[in-house]
Amino acid sequence: MSTQSTIVHRKSKIKLYWPLIKSSQTGLLLATGIAGYLSAGTRIGLPALLGVSASLFLAISGSTILNMWYDHDIDAKMKRTHKRPAASGQLSRTEVFRVGMIVSALGVGGALAVAPLYGLVVFAGWFFDVIVYTLWLKRRSAWSIVWGGISGAMPILSGRVLATGQVDLVGILLALAILFWIPTHTLTFSLKFRDDYANAGVPTFPSAYGETFTRAAIALSSVLAAVAIGWASALIGISAGYLRLIAVLTAGLLLLAFATFRVQSERVNFGLFKYASLYMLSAMIILAMKAF
Amino acid sequence: MKMTALDRVLLLVTSLLAAYQIVVGIDKLSAAPIIAYTIAFGVLLVAGLLLIILGFDALDAPIVVIVSTIIPLTLSLGLAWQHLASFGTSYLVFAIVGFLAVSITRSIPVPGKLPIIVLILVHGIAGMTIFLLPILLALQGKTQPAFALVGVGGALIGIGGLLLSFLKAGKPILSRETIFKALPGLLLLMTICFVAGFKFG
């Protein structure tokens, strides 16, 4: 193979690898990890910040790639996901598995090298995502999202643990905020794509318990996420101005959640889905401001 | 009508300015105006974000008339409480009654022109308070001259409110397309006036 064709081949590989990590989702989870680290308000150590960013990025990406590897068959059945590289056969399952394992090992190994307790929390996130959520429960129970939620809550807890050296109340509250925010996000998603999930045989709240129950669960989880983030913000000691801002953004989230429950329209549902992501990103930026 | 990238940028800047005002712009005031201004700029912030997410079609929802009453009512309440302390409680009663009146006449079928009369009355009093009070205070030298900008913002919010209200009442002053085209710029200009007026006034 000539040098030029090797470069073209590598470029096209990278193009195929990139969608494997679900960059938006990974980016948002990474942001929660960095926010957790900065929320401690300790002096920002550049090596530690780089360490948390790189190891978390790799660990989250690794677990996401392994999720793509295992779910290639159900992804292939869903309109929304059938073009993913593993589902469409553009990358072989073995290759995706290998890449997933290597990236995971680099991420979790890197995290353990940065600090053992931090590494343990990062590993817990990987374990809950890959083993408990993906391999064990996703195809069996609609409640699997709770375990996926626990996994999603680990990055913010790990960031906090790295900064404080312990699992403290603020860390647990921040983790709970993410845990309760995830159903707001994923359940609105499962309402929007309920036919897709039904075709693939993946149990979801809408298929198992109906729309009304699902919307009630969304509203309840939004309230709990708001309580957790508000409580954590107060304990962290962010300024009154930022507390007001969080209160305003939270009010928007709660109003939309209750609107979803009452109005039952796709548009409101979509609005909540988008707003919930924006809300979490904004909350993370506000918490990170503690460091500056 | 489809929202352009420029519309989204204008709305995002509006939301960021509203967020700035909530965080630092009203920090040194007493509790009551802080609550009133937080609600006013909070509604502006969340409305801006929802417009970006859902597009102009979000303005077709019946609740828009009720929600859009909150901004002038709470902004004027904050101004009244901050600068006309003796009228603070009376104005609070007016704000609550006005909001309830608009909510009720928009939620249940009410015969005749009562809903539109209530809307004009509530928006009129709140709008005139936001428009005139800062300008009068600035002219009397009780505040810095720049505080008059809040009044200019009040005039802009009044124009926006009128355009939207008449559109929703089925008697548009300008076409729906023209109003939606102008709305993001109008909202941004209004917010700039409010933020600058509070900062330098």
# chains A, B, ... in the order shown; residues from 1 in each chain; ligands from 1
$ residues_around --residues "region 123-126 of chain B" --least-positions-apart "4" --cutoff "9 Å" --atoms "only C-alpha atoms" --output "NGL selection string"
:B and (69 or 72-77 or 95 or 98 or 118-119 or 130-131 or 158 or 161)
$ closest_atom_pairs --of "chain A" --to "chain B" --cutoff "7 Å" --atoms "only C-alpha atoms" --output "Markdown table"
| residue | atom | partner | partner_atom | distance |
| --- | --- | --- | --- | --- |
| A:Gly241 | CA | B:Val23 | CA | 3.8 |
| A:Tyr242 | CA | B:Val23 | CA | 5.4 |
| A:Arg244 | CA | B:Ile22 | CA | 6.7 |
| A:Leu245 | CA | B:Ile22 | CA | 6.2 |
| A:Val248 | CA | B:Gly42 | CA | 5.4 |
| A:Leu249 | CA | B:Val46 | CA | 6.9 |
| A:Gly252 | CA | B:Val46 | CA | 6.1 |
| A:Gly271 | CA | B:Leu54 | CA | 6.2 |
| A:Lys274 | CA | B:Ile53 | CA | 6.8 |
$ closest_residue --among "B:Leu59, B:Ala32, B:Leu133, B:Val67" --to "Phe180 (chain B)" --atoms "only C-alpha atoms"
B:Leu59
$ residues_around --residues "region 213-221 of chain A" --least-positions-apart "5" --cutoff "8 Å" --atoms "only C-alpha atoms" --output "VMD selection string"
chain A and resid 180 to 181 183 to 184 187 to 188 205 to 206 254 257 to 258 260 to 261
$ write_last_selection --atoms "all heavy atoms" --output "mmCIF file, in the first residue's frame"
data_model
loop_
_atom_site.group_PDB
_atom_site.id
_atom_site.type_symbol
_atom_site.label_atom_id
_atom_site.label_comp_id
_atom_site.auth_asym_id
_atom_site.auth_seq_id
_atom_site.Cartn_x
_atom_site.Cartn_y
_atom_site.Cartn_z
ATOM 1 N N PHE A 180 -30.882 11.509 38.410
ATOM 2 C CA PHE A 180 -32.296 11.849 38.196
ATOM 3 C C PHE A 180 -32.508 12.639 36.904
ATOM 4 O O PHE A 180 -33.611 12.666 36.373
ATOM 5 C CB PHE A 180 -32.840 12.637 39.392
ATOM 6 C CG PHE A 180 -32.979 11.796 40.629
ATOM 7 C CD1 PHE A 180 -32.371 12.160 41.817
ATOM 8 C CD2 PHE A 180 -33.715 10.623 40.603
ATOM 9 C CE1 PHE A 180 -32.489 11.378 42.953
ATOM 10 C CE2 PHE A 180 -33.838 9.834 41.738
ATOM 11 C CZ PHE A 180 -33.220 10.215 42.918
ATOM 12 N N TRP A 181 -31.446 13.312 36.454
ATOM 13 C CA TRP A 181 -31.580 14.053 35.193
ATOM 14 C C TRP A 181 -31.624 13.087 33.999
ATOM 15 O O TRP A 181 -32.330 13.342 33.019
ATOM 16 C CB TRP A 181 -30.394 15.017 35.032
ATOM 17 C CG TRP A 181 -30.243 15.547 33.650
ATOM 18 C CD1 TRP A 181 -30.996 16.521 33.056
ATOM 19 C CD2 TRP A 181 -29.301 15.120 32.655
ATOM 20 N NE1 TRP A 181 -30.566 16.732 31.770
ATOM 21 C CE2 TRP A 181 -29.532 15.889 31.502
ATOM 22 C CE3 TRP A 181 -28.272 14.169 32.639
ATOM 23 C CZ2 TRP A 181 -28.777 15.725 30.343
ATOM 24 C CZ3 TRP A 181 -27.524 14.017 31.490
ATOM 25 C CH2 TRP A 181 -27.780 14.786 30.361
ATOM 26 N N PRO A 183 -33.101 10.128 33.476
ATOM 27 C CA PRO A 183 -34.435 9.712 33.003
ATOM 28 C C PRO A 183 -35.187 10.834 32.275
ATOM 29 O O PRO A 183 -35.910 10.572 31.311
ATOM 30 C CB PRO A 183 -35.166 9.325 34.297
ATOM 31 C CG PRO A 183 -34.089 8.985 35.248
ATOM 32 C CD PRO A 183 -32.937 9.882 34.911
ATOM 33 N N THR A 184 -35.013 12.083 32.735
ATOM 34 C CA THR A 184 -35.654 13.198 32.029
ATOM 35 C C THR A 184 -35.219 13.185 30.572
ATOM 36 O O THR A 184 -36.015 13.390 29.655
ATOM 37 C CB THR A 184 -35.230 14.543 32.673
ATOM 38 O OG1 THR A 184 -35.583 14.524 34.031
ATOM 39 C CG2 THR A 184 -35.902 15.721 31.988
ATOM 40 N N LEU A 187 -36.004 9.226 28.918
ATOM 41 C CA LEU A 187 -37.421 8.880 28.767
ATOM 42 C C LEU A 187 -38.104 9.744 27.706
ATOM 43 O O LEU A 187 -38.974 9.258 26.981
ATOM 44 C CB LEU A 187 -38.161 8.996 30.106
ATOM 45 C CG LEU A 187 -37.780 7.956 31.168
ATOM 46 C CD1 LEU A 187 -38.606 8.143 32.435
ATOM 47 C CD2 LEU A 187 -37.947 6.536 30.649
ATOM 48 N N THR A 188 -37.711 11.022 27.632
ATOM 49 C CA THR A 188 -38.275 11.843 26.552
ATOM 50 C C THR A 188 -37.817 11.297 25.202
ATOM 51 O O THR A 188 -38.562 11.285 24.227
ATOM 52 C CB THR A 188 -37.859 13.327 26.672
ATOM 53 O OG1 THR A 188 -36.474 13.390 26.907
ATOM 54 C CG2 THR A 188 -38.584 14.031 27.762
ATOM 55 N N PHE A 205 -39.927 2.408 29.086
ATOM 56 C CA PHE A 205 -41.058 2.808 29.934
ATOM 57 C C PHE A 205 -42.349 2.974 29.118
ATOM 58 O O PHE A 205 -43.386 2.476 29.540
ATOM 59 C CB PHE A 205 -40.712 4.099 30.693
ATOM 60 C CG PHE A 205 -40.148 3.844 32.068
ATOM 61 C CD1 PHE A 205 -39.121 2.946 32.258
ATOM 62 C CD2 PHE A 205 -40.664 4.507 33.177
ATOM 63 C CE1 PHE A 205 -38.607 2.708 33.518
ATOM 64 C CE2 PHE A 205 -40.156 4.266 34.444
ATOM 65 C CZ PHE A 205 -39.125 3.367 34.616
ATOM 66 N N PRO A 206 -42.296 3.672 27.956
ATOM 67 C CA PRO A 206 -43.552 3.814 27.205
ATOM 68 C C PRO A 206 -44.159 2.468 26.805
ATOM 69 O O PRO A 206 -45.377 2.297 26.845
ATOM 70 C CB PRO A 206 -43.134 4.611 25.963
ATOM 71 C CG PRO A 206 -41.923 5.348 26.388
ATOM 72 C CD PRO A 206 -41.211 4.468 27.359
ATOM 73 N N LEU A 254 -38.683 22.463 35.312
ATOM 74 C CA LEU A 254 -39.875 21.918 35.976
ATOM 75 C C LEU A 254 -41.152 22.257 35.200
ATOM 76 O O LEU A 254 -42.022 21.402 35.027
ATOM 77 C CB LEU A 254 -39.973 22.463 37.407
ATOM 78 C CG LEU A 254 -38.845 22.032 38.354
ATOM 79 C CD1 LEU A 254 -39.042 22.623 39.737
ATOM 80 C CD2 LEU A 254 -38.755 20.515 38.449
ATOM 81 N N ALA A 257 -41.300 20.023 32.250
ATOM 82 C CA ALA A 257 -41.593 18.638 32.649
ATOM 83 C C ALA A 257 -43.085 18.476 32.926
ATOM 84 O O ALA A 257 -43.711 17.506 32.488
ATOM 85 C CB ALA A 257 -40.777 18.262 33.880
ATOM 86 N N PHE A 258 -43.672 19.451 33.644
ATOM 87 C CA PHE A 258 -45.096 19.355 33.934
ATOM 88 C C PHE A 258 -45.941 19.601 32.681
ATOM 89 O O PHE A 258 -47.007 19.020 32.524
ATOM 90 C CB PHE A 258 -45.478 20.295 35.078
ATOM 91 C CG PHE A 258 -45.017 19.765 36.408
ATOM 92 C CD1 PHE A 258 -44.002 20.369 37.108
ATOM 93 C CD2 PHE A 258 -45.578 18.612 36.941
ATOM 94 C CE1 PHE A 258 -43.550 19.860 38.322
ATOM 95 C CE2 PHE A 258 -45.138 18.083 38.154
ATOM 96 C CZ PHE A 258 -44.111 18.715 38.857
ATOM 97 N N THR A 260 -45.030 18.627 29.730
ATOM 98 C CA THR A 260 -44.975 17.340 29.033
ATOM 99 C C THR A 260 -46.034 16.395 29.582
ATOM 100 O O THR A 260 -46.678 15.651 28.845
ATOM 101 C CB THR A 260 -43.583 16.702 29.226
ATOM 102 O OG1 THR A 260 -42.612 17.629 28.798
ATOM 103 C CG2 THR A 260 -43.427 15.425 28.432
ATOM 104 N N PHE A 261 -46.217 16.447 30.903
ATOM 105 C CA PHE A 261 -47.189 15.578 31.569
ATOM 106 C C PHE A 261 -48.620 15.957 31.180
ATOM 107 O O PHE A 261 -49.467 15.098 30.935
ATOM 108 C CB PHE A 261 -46.991 15.695 33.078
ATOM 109 C CG PHE A 261 -47.839 14.757 33.878
ATOM 110 C CD1 PHE A 261 -47.818 13.391 33.637
ATOM 111 C CD2 PHE A 261 -48.659 15.229 34.872
ATOM 112 C CE1 PHE A 261 -48.596 12.525 34.381
ATOM 113 C CE2 PHE A 261 -49.445 14.370 35.621
ATOM 114 C CZ PHE A 261 -49.411 13.019 35.370
#
$ atom_distance --atom1 "CA of Val146 (chain A)" --atom2 "CA of Gly237 (chain A)"
29.1 Å
$ closest_residue --among "B:Val13, B:Leu29, B:Val122, B:Ala80" --to "Ile66 (chain B)" --atoms "only C-alpha atoms"
B:Val122
$ closest_residue --among "A:Leu157, A:Leu169, A:Val263, A:Val132" --to "Tyr37 (chain A)" --atoms "only C-alpha atoms"
A:Leu157
$ closest_residue --among "A:Val170, A:Val52, A:Ala247, A:Ile150" --to "Ser39 (chain A)" --atoms "only C-alpha atoms"
A:Val170
